[in-house]
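J.: File follows, run.csv with CSV, N, CA and C atoms:
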chain,number,residue,atom,x,y,z
Z,1445,GLN,N,-15.8,-12.8,-5.2
Z,1445,GLN,CA,-14.4,-12.8,-5.1
Z,1445,GLN,C,-13.8,-11.4,-5.4
Z,1446,VAL,N,-13.0,-10.9,-4.5
Z,1446,VAL,CA,-12.4,-9.6,-4.6
Z,1446,VAL,C,-11.0,-9.7,-5.1
Z,1447,GLN,N,-10.7,-8.9,-6.1
Z,1447,GLN,CA,-9.3,-8.8,-6.6
Z,1447,GLN,C,-8.7,-7.4,-6.3
Z,1448,LEU,N,-7.5,-7.4,-5.9
Z,1448,LEU,CA,-6.7,-6.2,-5.7
Z,1448,LEU,C,-5.5,-6.3,-6.6
Z,1449,VAL,N,-5.3,-5.3,-7.5
Z,1449,VAL,CA,-4.2,-5.3,-8.4
Z,1449,VAL,C,-3.3,-4.1,-8.2
Z,1450,GLU,N,-2.1,-4.4,-7.8
Z,1450,GLU,CA,-1.1,-3.3,-7.6
Z,1450,GLU,C,-0.4,-3.0,-8.9
Z,1451,SER,N,0.1,-1.8,-8.9
Z,1451,SER,CA,1.0,-1.4,-10.0
Z,1451,SER,C,1.8,-0.2,-9.5
Z,1452,GLY,N,2.8,0.1,-10.3
Z,1452,GLY,CA,3.6,1.3,-10.0
Z,1452,GLY,C,5.0,1.0,-9.4
Z,1453,GLY,N,5.3,-0.2,-9.1
Z,1453,GLY,CA,6.6,-0.5,-8.5
Z,1453,GLY,C,7.7,-0.4,-9.5
Z,1454,GLY,N,8.9,-0.5,-9.1
Z,1454,GLY,CA,10.1,-0.4,-10.0
Z,1454,GLY,C,11.3,-0.1,-9.3
Z,1455,LEU,N,12.3,0.3,-10.0
Z,1455,LEU,CA,13.7,0.6,-9.5
Z,1455,LEU,C,13.8,2.1,-9.5
Z,1456,VAL,N,14.2,2.6,-8.3
Z,1456,VAL,CA,14.4,4.1,-8.2
Z,1456,VAL,C,15.6,4.3,-7.4
Z,1457,GLN,N,16.3,5.5,-7.6
Z,1457,GLN,CA,17.5,5.8,-6.9
Z,1457,GLN,C,17.1,6.4,-5.5
Z,1458,PRO,N,18.0,6.3,-4.5
Z,1458,PRO,CA,17.7,6.9,-3.2
Z,1458,PRO,C,17.4,8.4,-3.4
Z,1459,GLY,N,16.4,8.8,-2.6
Z,1459,GLY,CA,15.9,10.1,-2.7
Z,1459,GLY,C,14.8,10.3,-3.7
Z,1460,GLY,N,14.5,9.3,-4.5
Z,1460,GLY,CA,13.5,9.4,-5.5
Z,1460,GLY,C,12.1,9.1,-5.0
Z,1461,SER,N,11.2,9.1,-6.0
Z,1461,SER,CA,9.7,8.9,-5.6
Z,1461,SER,C,9.1,7.9,-6.5
Z,1462,LEU,N,8.1,7.2,-6.0
Z,1462,LEU,CA,7.2,6.3,-6.7
Z,1462,LEU,C,5.8,6.5,-6.2
Z,1463,ARG,N,4.8,6.2,-7.1
Z,1463,ARG,CA,3.5,6.1,-6.6
Z,1463,ARG,C,2.9,4.7,-7.0
Z,1464,LEU,N,2.5,4.0,-5.9
Z,1464,LEU,CA,1.8,2.7,-6.1
Z,1464,LEU,C,0.3,2.9,-6.2
Z,1465,SER,N,-0.3,2.1,-7.0
Z,1465,SER,CA,-1.8,2.1,-7.1
Z,1465,SER,C,-2.3,0.7,-6.8
Z,1466,CYS,N,-3.5,0.6,-6.2
Z,1466,CYS,CA,-4.2,-0.6,-6.0
Z,1466,CYS,C,-5.6,-0.5,-6.4
Z,1467,ALA,N,-5.9,-1.2,-7.5
Z,1467,ALA,CA,-7.2,-1.1,-8.1
Z,1467,ALA,C,-8.1,-2.3,-7.6
Z,1468,ALA,N,-9.2,-2.0,-7.0
Z,1468,ALA,CA,-10.1,-3.1,-6.5
Z,1468,ALA,C,-11.2,-3.4,-7.5
Z,1469,SER,N,-11.6,-4.7,-7.4
Z,1469,SER,CA,-12.6,-5.2,-8.4
Z,1469,SER,C,-14.0,-4.9,-8.0
Z,1470,ARG,N,-14.2,-4.3,-6.8
Z,1470,ARG,CA,-15.5,-3.8,-6.3
Z,1470,ARG,C,-15.3,-2.5,-5.6
Z,1471,SER,N,-16.5,-1.9,-5.3
Z,1471,SER,CA,-16.4,-0.6,-4.7
Z,1471,SER,C,-15.7,-0.6,-3.4
Z,1472,ILE,N,-14.8,0.3,-3.2
Z,1472,ILE,CA,-14.0,0.4,-2.0
Z,1472,ILE,C,-14.8,0.9,-0.8
Z,1473,PHE,N,-16.0,1.4,-1.1
Z,1473,PHE,CA,-16.9,1.8,0.0
Z,1473,PHE,C,-17.2,0.6,0.9
Z,1474,SER,N,-17.1,-0.6,0.3
Z,1474,SER,CA,-17.5,-1.8,1.1
Z,1474,SER,C,-16.4,-2.3,2.1
Z,1475,PHE,N,-15.2,-1.7,2.0
Z,1475,PHE,CA,-14.2,-2.1,2.9
Z,1475,PHE,C,-14.1,-1.2,4.1
Z,1476,ASN,N,-13.8,-1.8,5.3
Z,1476,ASN,CA,-13.7,-1.0,6.5
Z,1476,ASN,C,-12.3,-0.3,6.5
Z,1477,VAL,N,-11.3,-0.9,5.9
Z,1477,VAL,CA,-10.0,-0.3,5.9
Z,1477,VAL,C,-9.2,-0.9,4.7
Z,1478,MET,N,-8.4,-0.1,4.1
Z,1478,MET,CA,-7.5,-0.5,3.1
Z,1478,MET,C,-6.1,0.0,3.4
Z,1479,GLY,N,-5.1,-0.7,2.9
Z,1479,GLY,CA,-3.8,-0.3,3.2
Z,1479,GLY,C,-2.7,-0.9,2.4
Z,1480,TRP,N,-1.5,-0.6,2.8
Z,1480,TRP,CA,-0.3,-1.2,2.2
Z,1480,TRP,C,0.6,-1.8,3.3
Z,1481,PHE,N,1.1,-3.0,2.9
Z,1481,PHE,CA,2.1,-3.7,3.7
Z,1481,PHE,C,3.3,-3.9,2.8
Z,1482,ARG,N,4.4,-4.2,3.4
Z,1482,ARG,CA,5.6,-4.6,2.7
Z,1482,ARG,C,6.4,-5.7,3.3
Z,1483,GLN,N,7.1,-6.4,2.5
Z,1483,GLN,CA,7.9,-7.5,3.0
Z,1483,GLN,C,9.3,-7.5,2.3
Z,1484,ALA,N,10.3,-7.3,3.1
Z,1484,ALA,CA,11.7,-7.3,2.6
Z,1484,ALA,C,12.2,-8.8,2.7
Z,1485,PRO,N,13.2,-9.1,1.9
Z,1485,PRO,CA,13.8,-10.5,2.0
Z,1485,PRO,C,14.1,-10.9,3.4
Z,1486,GLU,N,13.7,-12.0,3.8
Z,1486,GLU,CA,14.0,-12.6,5.1
Z,1486,GLU,C,13.5,-11.8,6.2
Z,1487,LYS,N,12.5,-11.0,6.0
Z,1487,LYS,CA,11.8,-10.2,7.1
Z,1487,LYS,C,10.3,-10.5,7.1
Z,1488,ALA,N,9.7,-10.2,8.2
Z,1488,ALA,CA,8.3,-10.4,8.3
Z,1488,ALA,C,7.5,-9.3,7.5
Z,1489,ARG,N,6.3,-9.6,7.1
Z,1489,ARG,CA,5.5,-8.5,6.5
Z,1489,ARG,C,5.1,-7.5,7.5
Z,1490,GLU,N,5.2,-6.2,7.1
Z,1490,GLU,CA,4.9,-5.1,8.1
Z,1490,GLU,C,4.0,-4.1,7.5
Z,1491,LEU,N,3.2,-3.5,8.4
Z,1491,LEU,CA,2.3,-2.5,7.9
Z,1491,LEU,C,3.0,-1.2,7.5
Z,1492,VAL,N,2.6,-0.6,6.4
Z,1492,VAL,CA,3.2,0.6,6.0
Z,1492,VAL,C,2.2,1.8,6.2
Z,1493,ALA,N,1.0,1.7,5.7
Z,1493,ALA,CA,0.0,2.7,5.9
Z,1493,ALA,C,-1.4,2.2,5.7
Z,1494,THR,N,-2.4,2.7,6.4
Z,1494,THR,CA,-3.8,2.3,6.2
Z,1494,THR,C,-4.7,3.6,6.1
Z,1495,ILE,N,-5.8,3.4,5.4
Z,1495,ILE,CA,-6.8,4.4,5.4
Z,1495,ILE,C,-8.2,3.8,5.6
Z,1496,SER,N,-9.0,4.3,6.5
Z,1496,SER,CA,-10.2,3.7,6.8
Z,1496,SER,C,-11.4,4.2,5.9
Z,1497,SER,N,-12.5,3.6,6.1
Z,1497,SER,CA,-13.7,4.1,5.3
Z,1497,SER,C,-14.1,5.5,5.7
Z,1498,SER,N,-13.7,5.9,6.9
Z,1498,SER,CA,-14.0,7.3,7.3
Z,1498,SER,C,-12.7,8.2,7.1
Z,1499,ASP,N,-11.8,7.7,6.3
Z,1499,ASP,CA,-10.6,8.5,6.0
Z,1499,ASP,C,-9.6,8.7,7.1
Z,1500,MET,N,-9.7,7.9,8.1
Z,1500,MET,CA,-8.6,7.9,9.2
Z,1500,MET,C,-7.4,7.3,8.6
Z,1501,LEU,N,-6.2,8.0,8.9
Z,1501,LEU,CA,-5.0,7.5,8.3
Z,1501,LEU,C,-4.1,7.0,9.4
Z,1502,ASN,N,-3.2,6.0,9.1
Z,1502,ASN,CA,-2.3,5.5,10.0
Z,1502,ASN,C,-1.0,5.1,9.2
Z,1503,TYR,N,0.1,5.5,9.8
Z,1503,TYR,CA,1.4,5.2,9.2
Z,1503,TYR,C,2.4,4.5,10.1
Z,1504,ALA,N,3.3,3.7,9.5
Z,1504,ALA,CA,4.4,3.2,10.3
Z,1504,ALA,C,5.3,4.4,10.6
Z,1505,ASP,N,6.0,4.3,11.7
Z,1505,ASP,CA,6.9,5.4,12.1
Z,1505,ASP,C,8.0,5.6,11.1
Z,1506,SER,N,8.4,4.5,10.4
Z,1506,SER,CA,9.5,4.6,9.5
Z,1506,SER,C,9.2,5.3,8.2
Z,1507,VAL,N,7.9,5.5,7.9
Z,1507,VAL,CA,7.5,6.2,6.7
Z,1507,VAL,C,6.8,7.5,6.9
Z,1508,LYS,N,6.6,7.9,8.1
Z,1508,LYS,CA,5.9,9.1,8.4
Z,1508,LYS,C,6.6,10.3,7.9
Z,1509,GLY,N,5.9,11.2,7.2
Z,1509,GLY,CA,6.5,12.4,6.6
Z,1509,GLY,C,7.1,12.1,5.2
Z,1510,ARG,N,7.2,10.9,4.8
Z,1510,ARG,CA,7.7,10.5,3.5
Z,1510,ARG,C,6.6,9.9,2.6
Z,1511,PHE,N,5.8,9.1,3.2
Z,1511,PHE,CA,4.7,8.4,2.4
Z,1511,PHE,C,3.4,9.0,2.7
Z,1512,THR,N,2.5,8.9,1.7
Z,1512,THR,CA,1.1,9.4,1.8
Z,1512,THR,C,0.2,8.4,1.2
Z,1513,ILE,N,-0.8,8.0,2.0
Z,1513,ILE,CA,-1.8,7.1,1.4
Z,1513,ILE,C,-3.1,7.9,1.1
Z,1514,SER,N,-3.7,7.6,0.0
Z,1514,SER,CA,-5.0,8.3,-0.4
Z,1514,SER,C,-5.8,7.3,-1.2
Z,1515,LYS,N,-7.0,7.7,-1.4
Z,1515,LYS,CA,-7.9,6.9,-2.2
Z,1515,LYS,C,-8.8,7.7,-3.1
Z,1516,ASP,N,-9.3,7.1,-4.2
Z,1516,ASP,CA,-10.2,7.7,-5.1
Z,1516,ASP,C,-11.4,6.7,-5.2
Z,1517,ASN,N,-12.5,7.1,-4.5
Z,1517,ASN,CA,-13.6,6.2,-4.5
Z,1517,ASN,C,-14.2,6.0,-5.9
Z,1518,ALA,N,-14.2,7.0,-6.7
Z,1518,ALA,CA,-14.8,6.8,-8.0
Z,1518,ALA,C,-14.0,5.8,-8.9
Z,1519,LYS,N,-12.7,5.7,-8.6
Z,1519,LYS,CA,-11.9,4.8,-9.4
Z,1519,LYS,C,-11.7,3.5,-8.7
Z,1520,ASN,N,-12.2,3.3,-7.5
Z,1520,ASN,CA,-12.0,2.1,-6.6
Z,1520,ASN,C,-10.5,1.8,-6.5
Z,1521,THR,N,-9.7,2.9,-6.2
Z,1521,THR,CA,-8.3,2.8,-6.2
Z,1521,THR,C,-7.7,3.4,-5.0
Z,1522,VAL,N,-6.7,2.8,-4.4
Z,1522,VAL,CA,-5.9,3.3,-3.3
Z,1522,VAL,C,-4.5,3.6,-3.8
Z,1523,TYR,N,-3.9,4.7,-3.3
Z,1523,TYR,CA,-2.6,5.0,-3.8
Z,1523,TYR,C,-1.6,5.1,-2.6
Z,1524,LEU,N,-0.4,4.9,-2.9
Z,1524,LEU,CA,0.7,5.2,-1.9
Z,1524,LEU,C,1.8,6.0,-2.6
Z,1525,GLN,N,1.8,7.3,-2.2
Z,1525,GLN,CA,2.9,8.2,-2.8
Z,1525,GLN,C,4.1,8.0,-1.9
Z,1526,MET,N,5.2,7.6,-2.4
Z,1526,MET,CA,6.4,7.4,-1.7
Z,1526,MET,C,7.5,8.4,-2.1
Z,1527,ASN,N,7.9,9.3,-1.2
Z,1527,ASN,CA,8.9,10.3,-1.5
Z,1527,ASN,C,10.2,10.0,-0.6
Z,1528,SER,N,11.3,10.6,-1.0
Z,1528,SER,CA,12.5,10.5,-0.3
Z,1528,SER,C,12.8,9.0,0.0
Z,1529,LEU,N,12.7,8.2,-1.0
Z,1529,LEU,CA,12.9,6.7,-0.8
Z,1529,LEU,C,14.3,6.4,-0.4
Z,1530,GLU,N,14.4,5.4,0.5
Z,1530,GLU,CA,15.7,5.0,1.0
Z,1530,GLU,C,15.9,3.5,0.7
Z,1531,PRO,N,17.2,3.0,0.6
Z,1531,PRO,CA,17.4,1.6,0.4
Z,1531,PRO,C,16.6,0.7,1.3
Z,1532,GLU,N,16.4,1.1,2.5
Z,1532,GLU,CA,15.6,0.3,3.5
Z,1532,GLU,C,14.2,0.2,3.1
Z,1533,ASP,N,13.7,0.9,2.1
Z,1533,ASP,CA,12.3,0.8,1.7
Z,1533,ASP,C,12.2,-0.3,0.6
Z,1534,THR,N,13.2,-0.9,0.2
Z,1534,THR,CA,13.2,-2.0,-0.7
Z,1534,THR,C,12.4,-3.2,-0.2
Z,1535,ALA,N,11.4,-3.6,-0.9
Z,1535,ALA,CA,10.5,-4.7,-0.5
Z,1535,ALA,C,9.5,-5.0,-1.6
Z,1536,VAL,N,8.7,-6.0,-1.4
Z,1536,VAL,CA,7.5,-6.2,-2.1
Z,1536,VAL,C,6.4,-5.6,-1.4
Z,1537,TYR,N,5.6,-4.7,-2.0
Z,1537,TYR,CA,4.6,-4.0,-1.4
Z,1537,TYR,C,3.2,-4.6,-1.8
Z,1538,TYR,N,2.4,-4.9,-0.8
Z,1538,TYR,CA,1.2,-5.6,-0.9
Z,1538,TYR,C,0.0,-4.6,-0.6
Z,1539,CYS,N,-1.0,-4.6,-1.4
Z,1539,CYS,CA,-2.3,-4.0,-1.1
Z,1539,CYS,C,-3.1,-4.9,-0.2
Z,1540,HIS,N,-3.8,-4.3,0.7
Z,1540,HIS,CA,-4.7,-5.1,1.6
Z,1540,HIS,C,-6.0,-4.4,1.8
Z,1541,ALA,N,-7.1,-5.2,1.9
Z,1541,ALA,CA,-8.4,-4.7,2.2
Z,1541,ALA,C,-9.1,-5.6,3.2
Z,1542,ARG,N,-9.9,-5.0,4.1
Z,1542,ARG,CA,-10.6,-5.7,5.1
Z,1542,ARG,C,-12.1,-5.3,5.1
Z,1543,ARG,N,-12.9,-6.3,5.1
Z,1543,ARG,CA,-14.4,-6.1,5.2
Z,1543,ARG,C,-14.9,-7.0,6.3
Z,1544,GLY,N,-15.2,-6.5,7.4
Z,1544,GLY,CA,-15.6,-7.4,8.5
Z,1544,GLY,C,-14.5,-8.4,8.8
Z,1545,PRO,N,-14.8,-9.6,8.9
Z,1545,PRO,CA,-13.8,-10.7,9.2
Z,1545,PRO,C,-13.0,-11.1,8.0
Z,1546,LEU,N,-13.4,-10.6,6.8
Z,1546,LEU,CA,-12.7,-11.0,5.6
Z,1546,LEU,C,-11.5,-10.1,5.2
Z,1547,SER,N,-10.5,-10.7,4.8
Z,1547,SER,CA,-9.2,-10.0,4.5
Z,1547,SER,C,-8.8,-10.4,3.1
Z,1548,TYR,N,-8.4,-9.4,2.3
Z,1548,TYR,CA,-8.0,-9.6,0.9
Z,1548,TYR,C,-6.6,-9.0,0.7
Z,1549,TRP,N,-5.8,-9.7,-0.2
Z,1549,TRP,CA,-4.5,-9.3,-0.5
Z,1549,TRP,C,-4.3,-9.2,-2.0
Z,1550,GLY,N,-3.5,-8.3,-2.5
Z,1550,GLY,CA,-3.0,-8.2,-3.8
Z,1550,GLY,C,-1.8,-9.2,-4.0
Z,1551,GLN,N,-1.3,-9.2,-5.2
Z,1551,GLN,CA,-0.2,-10.1,-5.6
Z,1551,GLN,C,1.1,-9.5,-5.2
Z,1552,GLY,N,1.2,-8.2,-5.0
Z,1552,GLY,CA,2.4,-7.6,-4.7
Z,1552,GLY,C,3.1,-6.9,-5.8
Z,1553,THR,N,3.8,-5.8,-5.5
Z,1553,THR,CA,4.7,-5.2,-6.5
Z,1553,THR,C,6.0,-4.8,-5.9
Z,1554,GLN,N,7.1,-5.1,-6.7
Z,1554,GLN,CA,8.4,-4.9,-6.2
Z,1554,GLN,C,8.8,-3.5,-6.3
Z,1555,VAL,N,9.4,-3.0,-5.2
Z,1555,VAL,CA,10.0,-1.7,-5.1
Z,1555,VAL,C,11.5,-1.9,-4.7
Z,1556,THR,N,12.4,-1.4,-5.5
Z,1556,THR,CA,13.8,-1.5,-5.3
Z,1556,THR,C,14.4,-0.1,-5.3
Z,1557,VAL,N,15.1,0.3,-4.2
Z,1557,VAL,CA,15.7,1.6,-4.1
Z,1557,VAL,C,17.2,1.3,-4.0
Z,1558,SER,N,17.9,1.7,-5.1
Z,1558,SER,CA,19.3,1.4,-5.2
Z,1558,SER,C,19.9,2.4,-6.2
Z,1559,SER,N,21.2,2.7,-6.0
Z,1559,SER,CA,21.9,3.6,-6.9
Z,1559,SER,C,22.7,2.7,-7.9
Would you kindly transcribe this structure into structure tokens?
T.:
Amino acid sequence: QVQLVESGGGLVQPGGSLRLSCAASRSIFSFNVMGWFRQAPEKARELVATISSSDMLNYADSVKGRFTISKDNAKNTVYLQMNSLEPEDTAVYYCHARRGPLSYWGQGTQVTVSS
């Protein structure tokens, strides 16, 4: 059983920054891709950013230039650095990992951008 544990969410003012962390219970070398999704109230869950096992990066257009995804293999952790946050970024952020046909999700961490 794989566990993904997110941390780092919170309340931040517009223009501020947060860094989310996702700690995996097993080596992240075993995953084909890891990433972050988010879900705002009454909206569908959407992709934010992904990083593959070969370090290929992918970002949603809405976060390009503001968010950066990275990973630390030694710590089995994936990060999402979020800068220039906007109220529209308010959502529950979920960590995701895929290994072949298997898909794993974290429990989510709330990010609220408000003055």
J.: Within 8 Å of (-14.5, -1.5, 8.2) in the file's own coordinates, which protein, DNA or RNA residues have an atom, counting all atoms listed in the file? List them as JSON, numbers by chain.
T.: {"Z": [1474, 1475, 1476, 1477, 1478, 1496, 1497, 1498, 1542, 1543, 1544]}
J.: Between Z:Asp1499, Z:Arg1482, Z:Val1536, Z:Ala1468, which one has atoms that come closest to Thr1521 (chain Z), using only N, CA and C atoms?
T.: Z:Ala1468
J.: With all atoms listed in the file as the counted atoms, please give the residues lying no more than 6 Å from Gly1453 (chain Z), apart from itself and same-chain residues fewer than 3 positions off, as JSON, numbers by chain.
T.: {"Z": [1463, 1464, 1553, 1554, 1555]}
J.: Given the point (-14.5, -2.0, -7.0) in the file's coordinates, find the residues that have an atom at most 6.5 Å from it, counting only N, CA and C atoms, and give them as number ranges by chain.
T.: Z: 1467-1472, 1519-1520
J.: Given the selection you just returned, output its residues as a file containing N, CA and C atoms, formatted as a PDB file, in the coordinates of the input.
T.:
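part.pdb, written as the output of this step:
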ATOM      1  N   ALA Z1467      -5.900  -1.200  -7.500  1.00  0.00           N
ATOM      2  CA  ALA Z1467      -7.200  -1.100  -8.100  1.00  0.00           C
ATOM      3  C   ALA Z1467      -8.100  -2.300  -7.600  1.00  0.00           C
ATOM      4  N   ALA Z1468      -9.200  -2.000  -7.000  1.00  0.00           N
ATOM      5  CA  ALA Z1468     -10.100  -3.100  -6.500  1.00  0.00           C
ATOM      6  C   ALA Z1468     -11.200  -3.400  -7.500  1.00  0.00           C
ATOM      7  N   SER Z1469     -11.600  -4.700  -7.400  1.00  0.00           N
ATOM      8  CA  SER Z1469     -12.600  -5.200  -8.400  1.00  0.00           C
ATOM      9  C   SER Z1469     -14.000  -4.900  -8.000  1.00  0.00           C
ATOM     10  N   ARG Z1470     -14.200  -4.300  -6.800  1.00  0.00           N
ATOM     11  CA  ARG Z1470     -15.500  -3.800  -6.300  1.00  0.00           C
ATOM     12  C   ARG Z1470     -15.300  -2.500  -5.600  1.00  0.00           C
ATOM     13  N   SER Z1471     -16.500  -1.900  -5.300  1.00  0.00           N
ATOM     14  CA  SER Z1471     -16.400  -0.600  -4.700  1.00  0.00           C
ATOM     15  C   SER Z1471     -15.700  -0.600  -3.400  1.00  0.00           C
ATOM     16  N   ILE Z1472     -14.800   0.300  -3.200  1.00  0.00           N
ATOM     17  CA  ILE Z1472     -14.000   0.400  -2.000  1.00  0.00           C
ATOM     18  C   ILE Z1472     -14.800   0.900  -0.800  1.00  0.00           C
ATOM     19  N   LYS Z1519     -12.700   5.700  -8.600  1.00  0.00           N
ATOM     20  CA  LYS Z1519     -11.900   4.800  -9.400  1.00  0.00           C
ATOM     21  C   LYS Z1519     -11.700   3.500  -8.700  1.00  0.00           C
ATOM     22  N   ASN Z1520     -12.200   3.300  -7.500  1.00  0.00           N
ATOM     23  CA  ASN Z1520     -12.000   2.100  -6.600  1.00  0.00           C
ATOM     24  C   ASN Z1520     -10.500   1.800  -6.500  1.00  0.00           C
TER      25      ASN Z1520
END
J.: Of the candidates Z:Ser1558, Z:Cys1539, Z:Leu1524, Z:Pro1545, which shows the shortest atom-to-atom distance to Phe1481 (chain Z), using all atoms listed in the file?
T.: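 Smallest distance to Phe1481 (chain Z) is found for Z:Cys1539.
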J.: What's the separation between CA of Ala1518 (chain Z) and CA of Gly1454 (chain Z), in Å to one decimal place?
T.: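 For CA of Ala1518 (chain Z) relative to CA of Gly1454 (chain Z), the distance reads 26.0 Å.
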J.: Would you kindly return, as a PyMOL selection string, each protein, DNA or RNA residue with an atom no farther than 7 Å from any atom of Thr1494 (chain Z), considering only N, CA and C atoms and excluding same-chain residues fewer than 3 positions away?
T.: chain Z and resi 1477-1480+1491+1500-1504+1513
J.: By how many Å are CA of Val1492 (chain Z) and CA of Thr1556 (chain Z) apart?
T.: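 About the pair CA of Val1492 (chain Z) and CA of Thr1556 (chain Z): they are 15.6 Å apart.
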